[in-house]
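A.B. asks: Quick one: the structure is below, questions incoming.
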Amino acid sequence: MADFRLSDIDQQILDKVVEVGNSTTAHTRYYEDHEHEFPPARLEGERGFEEVFPLFGQRKPDDTPMMTFMMAVSIARGSTNGVVRGLGLAMPQGRASGLGNAALQSAGTAEQKAKWGNLFLAMSITEPGAGSDTKAISTTARLDGEEWVINGDKIFVTDGVRCDGAIVWATIDKSAGRAGIKSFLVLRDAPGFELVRKEKKLGIRASDTAAYSFRDCRIPRDHMLGDDETVPKGGGSAAYKGVMKTFNMTRPAVASGGVAKAKGALDFATAELAKEGVAVDWSKSFNQRSAVEQKLIEMEADTEAATLSVLHAAWLNDVRKPNNLESSICKAKGGEVCRTIPQAAMELLGGMSVSHDHLVEKYLRDGRISDIYEGTGQIQRLIIAREILGYSSEELT
Ligand SMILES: Cc1cc2nc3c(=O)[nH]c(=O)nc-3n(C[C@H](O)[C@H](O)[C@H](O)COP(=O)(O)OP(=O)(O)OC[C@H]3O[C@@H](n4cnc5c(N)ncnc54)[C@H](O)[C@@H]3O)c2cc1C
């Protein structure tokens, strides 16, 4: 039975992470205004996560399963994304924490995981002509002796500047559709690889987003994840399905970023309204409550529903049960509340919500991306419909 309550030690870890995470708050504006500067390894006044590590040693095998625990930490109340430095405005910079690392874990061979597991890897799928429709990618990989030769352009690579390398999707047989798509590790020093630019963005400005080009870029033959060079007939591909499974791990994580922004905005609005004497009075009946009270209750309920959907998807992943449907549900829900809750908070707060002195407008801008990357809200709803109705991706597009 699903149980998302944290064990005592996990609650202690969470509380400590929130404390430490919030010690970076003072710097959030600086690194947004100077988005092309990278924050140093340790910010001034930042407390280190080494304060947390000793507590990890006290965890027992029957404590909260790991991904459920990590998600609970990222959406903990009061931290607005406590695991991530600077109020969730910078993505984690630790080793092995990129989206490409999740791909390596779900599609790499045991040998590849052992060899590259400590690298910081980005994930590079999107192209100028292929976004939601990932099977439309046109980057190619051609075998030449003991090397793959990669040609194509990629855009919107999260962590693409500071990573050690990226897991790059390319087709080895365009005529085979998705069966021809494979993923490759391309290290930053590969000949023919170029970092074209770093994007300027609406939000998450302390997270770098890069564009890449590959011109006769050469990488060793054993850099294909999973080492399966076959192209199955009839469209199906275990390799493609393998890398798609990555999303079942990463979608809850991305959704949690959106939920964290929603909670931050809701908590701020609740606290500011309370200062003016406006708070939900639970003793009143529905008919007696003000419109503002009613709005706050709806916001709380939506945020809690999104929280539970993230924990559910993560827990299924932890107990090794299929979570394709649930990871899309939580991504759709997380992507919704990160837009609607900061927007509603701004409506309740009026002019102060656009001020640079508070983080509310920032939650709105930073949250927006959670409904775009790792599959837009529309695409999640499409996947949910396919799963519930039993249609394939060819039947329901
Ligand atoms: C800041 C940022 C970071 C990113 N990081 C990465 C990364 O690390 N790696 C990576 O590979 N990509 C990354 N992306 C790319 C991201 O995943 C894509 O932008 C996203 O998948 C949408 O693709 P698109 O932008 O081409 O939009 P499109 O696919 O062109 O979609 C445009 C609109 O049409 C809708 N739409 C499309 N198809 C359908 C359909 N079948 N039914 C209904 N509606 C549909 C979409 O929902 C959207 O509203 C990032 C993007 C951004 C902005």
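In the structure tokens, each chain is lettered A, B, ... as it comes, each chain's residues begin at 1, and ligands are numbered from 1 in order of appearance.
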Could you give me, as a ChimeraX atom specification, every polymer residue with an atom at most 10 Å away from an atom of ligand 1, counting only C-alpha atoms and all ligand atoms?
C.D. replies: /A:98-100,121-134,154-160,166-169,199-205,207-211,366,368-383,393,396-397
A.B. asks: Please, could you write that set of residues out with C-alpha atoms as an mmCIF file, in the first residue's frame?
C.D. replies:
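Writing the result to selection_26.cif gives the following:
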```cif
data_model
loop_
_atom_site.group_PDB
_atom_site.id
_atom_site.type_symbol
_atom_site.label_atom_id
_atom_site.label_comp_id
_atom_site.auth_asym_id
_atom_site.auth_seq_id
_atom_site.Cartn_x
_atom_site.Cartn_y
_atom_site.Cartn_z
ATOM 1 C CA GLY A 98 21.891 15.980 -14.873
ATOM 2 C CA LEU A 99 18.964 14.710 -16.913
ATOM 3 C CA GLY A 100 21.459 12.712 -18.997
ATOM 4 C CA LEU A 121 25.473 14.674 -18.153
ATOM 5 C CA ALA A 122 22.898 16.795 -19.969
ATOM 6 C CA MET A 123 20.144 15.397 -22.186
ATOM 7 C CA SER A 124 19.978 16.576 -25.781
ATOM 8 C CA ILE A 125 16.905 15.532 -27.750
ATOM 9 C CA THR A 126 15.209 18.723 -28.998
ATOM 10 C CA GLU A 127 16.060 20.136 -32.420
ATOM 11 C CA PRO A 128 14.872 23.209 -34.346
ATOM 12 C CA GLY A 129 12.443 20.902 -36.207
ATOM 13 C CA ALA A 130 11.657 18.372 -33.469
ATOM 14 C CA GLY A 131 10.243 19.246 -30.041
ATOM 15 C CA SER A 132 7.151 17.440 -28.780
ATOM 16 C CA ASP A 133 7.382 15.002 -31.673
ATOM 17 C CA THR A 134 10.673 13.419 -30.668
ATOM 18 C CA LYS A 154 20.337 20.537 -31.039
ATOM 19 C CA ILE A 155 18.672 23.297 -29.025
ATOM 20 C CA PHE A 156 17.520 23.886 -25.447
ATOM 21 C CA VAL A 157 20.024 21.671 -23.653
ATOM 22 C CA THR A 158 19.584 22.180 -19.890
ATOM 23 C CA ASP A 159 22.998 22.300 -18.142
ATOM 24 C CA GLY A 160 24.474 22.218 -21.647
ATOM 25 C CA ALA A 166 25.450 15.060 -23.141
ATOM 26 C CA ILE A 167 23.306 12.085 -24.019
ATOM 27 C CA VAL A 168 22.388 12.923 -27.600
ATOM 28 C CA TRP A 169 19.541 11.373 -29.560
ATOM 29 C CA GLU A 199 20.017 31.116 -24.276
ATOM 30 C CA LYS A 200 18.593 34.165 -22.466
ATOM 31 C CA LYS A 201 15.335 33.236 -20.807
ATOM 32 C CA LEU A 202 12.128 34.394 -19.108
ATOM 33 C CA GLY A 203 12.897 32.430 -15.950
ATOM 34 C CA ILE A 204 15.193 29.798 -14.390
ATOM 35 C CA ARG A 205 17.986 32.116 -15.450
ATOM 36 C CA SER A 207 20.114 27.339 -15.068
ATOM 37 C CA ASP A 208 22.091 27.348 -18.311
ATOM 38 C CA THR A 209 20.380 26.316 -21.549
ATOM 39 C CA ALA A 210 22.576 25.669 -24.573
ATOM 40 C CA ALA A 211 22.437 25.089 -28.330
ATOM 41 C CA ASP A 366 10.466 30.333 -13.040
ATOM 42 C CA ARG A 368 6.335 28.472 -16.368
ATOM 43 C CA ILE A 369 8.940 26.138 -17.829
ATOM 44 C CA SER A 370 7.689 23.187 -15.752
ATOM 45 C CA ASP A 371 4.727 22.970 -18.116
ATOM 46 C CA ILE A 372 6.966 22.986 -21.203
ATOM 47 C CA TYR A 373 10.101 20.879 -20.835
ATOM 48 C CA GLU A 374 10.068 17.110 -20.359
ATOM 49 C CA GLY A 375 6.879 17.158 -22.452
ATOM 50 C CA THR A 376 4.328 19.983 -22.483
ATOM 51 C CA GLY A 377 1.034 19.810 -20.576
ATOM 52 C CA GLN A 378 -0.797 19.022 -23.823
ATOM 53 C CA ILE A 379 1.542 16.115 -24.542
ATOM 54 C CA GLN A 380 1.092 14.750 -20.998
ATOM 55 C CA ARG A 381 -2.688 14.820 -21.461
ATOM 56 C CA LEU A 382 -2.241 12.957 -24.737
ATOM 57 C CA ILE A 383 -0.162 10.268 -23.015
ATOM 58 C CA SER A 393 0.955 6.668 -30.145
ATOM 59 C CA LEU A 396 -3.895 8.837 -30.895
ATOM 60 C CA THR A 397 -1.659 11.742 -31.962
#
```
A.B. asks: I'd like the neighbourhood of Ala291 (chain A) as a PyMOL selection string, where a residue qualifies if any of its atoms comes within 12 Å (using only C-alpha atoms), though same-chain residues fewer than 6 positions away should be ignored.
C.D. replies: chain A and resi 278-280+297-298+348
A.B. asks: Write out the residues from the selection above, keeping N, CA and C atoms, as a PDB file, in the first residue's frame.
C.D. replies:
```pdb
ATOM      1  N   VAL A 278      -6.550  38.923   6.821  1.00  0.00           N
ATOM      2  CA  VAL A 278      -7.353  38.042   5.953  1.00  0.00           C
ATOM      3  C   VAL A 278      -6.785  36.628   6.033  1.00  0.00           C
ATOM      4  N   ALA A 279      -7.557  35.722   6.602  1.00  0.00           N
ATOM      5  CA  ALA A 279      -7.108  34.332   6.713  1.00  0.00           C
ATOM      6  C   ALA A 279      -8.330  33.433   6.640  1.00  0.00           C
ATOM      7  N   VAL A 280      -8.103  32.178   6.238  1.00  0.00           N
ATOM      8  CA  VAL A 280      -9.234  31.255   6.139  1.00  0.00           C
ATOM      9  C   VAL A 280      -9.759  30.958   7.544  1.00  0.00           C
ATOM     10  N   ILE A 297      -8.508  28.421  -0.266  1.00  0.00           N
ATOM     11  CA  ILE A 297      -8.803  26.992  -0.060  1.00  0.00           C
ATOM     12  C   ILE A 297      -8.620  26.220  -1.372  1.00  0.00           C
ATOM     13  N   GLU A 298      -9.126  26.797  -2.452  1.00  0.00           N
ATOM     14  CA  GLU A 298      -8.975  26.131  -3.763  1.00  0.00           C
ATOM     15  C   GLU A 298      -7.494  25.996  -4.137  1.00  0.00           C
ATOM     16  N   LEU A 348      -4.349  38.072  -5.951  1.00  0.00           N
ATOM     17  CA  LEU A 348      -4.737  38.380  -4.569  1.00  0.00           C
ATOM     18  C   LEU A 348      -3.897  39.512  -3.987  1.00  0.00           C
TER      19      LEU A 348
END
```
A.B. asks: Have a look at CA of Ile150 (chain A) and CA of Asp173 (chain A) and let me know their distance in Å, one decimal.
C.D. replies: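 So the answer is 12.6 Å.
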A.B. asks: As JSON, numbers by chain, please: all residues of region 6-235 of chain A that backbone DSSP puts in strand (DSSP E or B).
C.D. replies: {"A": [121, 122, 123, 124, 127, 130, 140, 141, 142, 143, 144, 147, 148, 149, 150, 151, 152, 153, 154, 155, 156, 157, 158, 165, 166, 167, 168, 169, 170, 171, 181, 182, 183, 184, 185, 186, 187, 193, 194, 195, 196, 197, 198, 209, 210, 211, 212, 213, 214, 215, 216, 217, 218, 219, 220, 224]}
A.B. asks: Which polymer residues have any atom within 9 Å of an atom of Val259 (chain A), counting only C-alpha atoms, with same-chain residues fewer than 2 positions away left out, as a PDB file with C-alpha atoms, in the first residue's frame?
C.D. replies:
```pdb
ATOM      1  CA  SER A  74      12.009  19.119  -3.164  1.00  0.00           C
ATOM      2  CA  ILE A  75       8.433  20.134  -2.504  1.00  0.00           C
ATOM      3  CA  THR A  80      10.496  26.302  -2.073  1.00  0.00           C
ATOM      4  CA  ASN A  81      12.733  23.604  -3.478  1.00  0.00           C
ATOM      5  CA  VAL A 254      10.410  18.315 -13.090  1.00  0.00           C
ATOM      6  CA  ALA A 255       6.844  18.381 -11.741  1.00  0.00           C
ATOM      7  CA  SER A 256       8.218  18.811  -8.221  1.00  0.00           C
ATOM      8  CA  GLY A 257      10.016  21.982  -9.376  1.00  0.00           C
ATOM      9  CA  LYS A 261       7.063  27.358  -7.088  1.00  0.00           C
ATOM     10  CA  ALA A 262       3.297  27.043  -6.542  1.00  0.00           C
ATOM     11  CA  LYS A 263       3.823  26.419  -2.833  1.00  0.00           C
ATOM     12  CA  GLY A 264       6.230  29.335  -2.542  1.00  0.00           C
ATOM     13  CA  THR A 303      -1.370  22.367  -4.697  1.00  0.00           C
ATOM     14  CA  GLU A 304      -1.913  19.392  -2.397  1.00  0.00           C
ATOM     15  CA  ALA A 306      -0.275  18.084  -7.348  1.00  0.00           C
ATOM     16  CA  THR A 307       1.980  17.181  -4.406  1.00  0.00           C
ATOM     17  CA  VAL A 310       4.244  13.643  -7.621  1.00  0.00           C
ATOM     18  CA  LYS A 333      -0.767  18.596 -12.646  1.00  0.00           C
ATOM     19  CA  GLY A 334       2.581  20.093 -11.571  1.00  0.00           C
ATOM     20  CA  GLY A 335       2.706  22.018 -14.859  1.00  0.00           C
ATOM     21  CA  GLU A 336      -0.769  23.349 -14.185  1.00  0.00           C
ATOM     22  CA  VAL A 337      -0.282  24.568 -10.619  1.00  0.00           C
ATOM     23  CA  CYS A 338       3.036  26.249 -11.408  1.00  0.00           C
ATOM     24  CA  GLY A 367       7.513  27.991 -12.778  1.00  0.00           C
ATOM     25  CA  SER A 370       7.689  23.187 -15.752  1.00  0.00           C
TER      26      SER A 370
END
```
A.B. asks: What's the separation between CA of His356 (chain A) and CA of Asp267 (chain A), in Å to one decimal place?
C.D. replies: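 Separating CA of His356 (chain A) from CA of Asp267 (chain A) is a distance of 17.4 Å.
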A.B. asks: Would you list the contacts of Lys241 (chain A) as number ranges by chain, taking every protein, DNA or RNA residue within 12 Å and counting only C-alpha atoms, but skipping same-chain residues closer than 6 positions in sequence?
C.D. replies: A: 103, 106-107, 135, 178-183, 226, 235, 247-248, 324
A.B. asks: Using C-alpha atoms, can you write the selected residues to a file as a PDB file, in the first residue's frame?
C.D. replies:
```pdb
ATOM      1  CA  ALA A 103      19.063   8.381 -19.209  1.00  0.00           C
ATOM      2  CA  SER A 106      17.712   3.649 -17.509  1.00  0.00           C
ATOM      3  CA  ALA A 107      19.320   2.789 -20.879  1.00  0.00           C
ATOM      4  CA  LYS A 135      10.571  10.793 -33.417  1.00  0.00           C
ATOM      5  CA  ARG A 178      11.584   5.647 -33.953  1.00  0.00           C
ATOM      6  CA  ALA A 179      13.230   2.207 -34.253  1.00  0.00           C
ATOM      7  CA  GLY A 180      16.270   3.932 -35.768  1.00  0.00           C
ATOM      8  CA  ILE A 181      16.701   6.380 -32.871  1.00  0.00           C
ATOM      9  CA  LYS A 182      19.550   5.672 -30.460  1.00  0.00           C
ATOM     10  CA  SER A 183      21.187   7.686 -27.706  1.00  0.00           C
ATOM     11  CA  GLY A 226      22.793   0.080 -24.351  1.00  0.00           C
ATOM     12  CA  GLY A 235       8.660   0.206 -35.885  1.00  0.00           C
ATOM     13  CA  PHE A 247      10.916  10.333 -18.534  1.00  0.00           C
ATOM     14  CA  ASN A 248       9.164   8.209 -15.936  1.00  0.00           C
ATOM     15  CA  ASN A 324       4.008   5.788 -17.185  1.00  0.00           C
TER      16      ASN A 324
END
```
A.B. asks: Calculate how many Å separate CA of Val20 (chain A) from CA of Asp302 (chain A), rounding to one decimal.
C.D. replies: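 For CA of Val20 (chain A) relative to CA of Asp302 (chain A), the distance reads 27.7 Å.
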A.B. asks: With distances taken over only C-alpha atoms, which residue among A:Ala269, A:Arg42, A:Leu389, A:Lys284 lies nearest Glu347 (chain A)?
C.D. replies: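 Under the stated criterion, the closest residue is A:Ala269.
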A.B. asks: Go through A:Asp228, A:Asp281, A:Asp144, A:Glu111 and flag the residue nearest Asp216 (chain A), using only C-alpha atoms for the distances.
C.D. replies: A:Asp144
A.B. asks: Taking 6 positions as the minimum chain separation for residues in the same chain, which residues sit within 9 Å of region 49-54 of chain A when counting only C-alpha atoms? Answer as JSON, numbers by chain.
C.D. replies: {"A": [13, 14, 16, 17, 20, 21]}
A.B. asks: Among region 103-331 of chain A, which ones does DSSP place in alpha helix (DSSP H), written as number ranges by chain?
C.D. replies: A: 103-107, 110-116, 238-244, 246-275, 291-318, 324-331
A.B. asks: Nearest residue to Ala170 (chain A) out of A:Phe184, A:Trp148, A:Tyr391, A:Tyr240, using only C-alpha atoms?
C.D. replies: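 Distance minimum relative to Ala170 (chain A) lands on A:Phe184.
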A.B. asks: Pick from A:Gly145, A:Gly165, A:Gly177, A:Pro61: nearest to Glu394 (chain A), with only C-alpha atoms counted?
C.D. replies: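 Of the candidates, the smallest distance to Glu394 (chain A) is held by A:Gly177.
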A.B. asks: Can you work out which one of A:Lys60, A:Arg77, A:Arg29, A:Lys331 has the shortest atom-to-atom distance to Thr250 (chain A), counting only C-alpha atoms?
C.D. replies: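 For Thr250 (chain A), the nearest of the candidates is A:Lys331.
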A.B. asks: Find, counting only C-alpha atoms, the residue in A:Ser309, A:Arg47, A:Ala238, A:Val360 that gets nearest to Thr270 (chain A).
C.D. replies: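 Answer, going by the shortest atom-to-atom distance: A:Val360.
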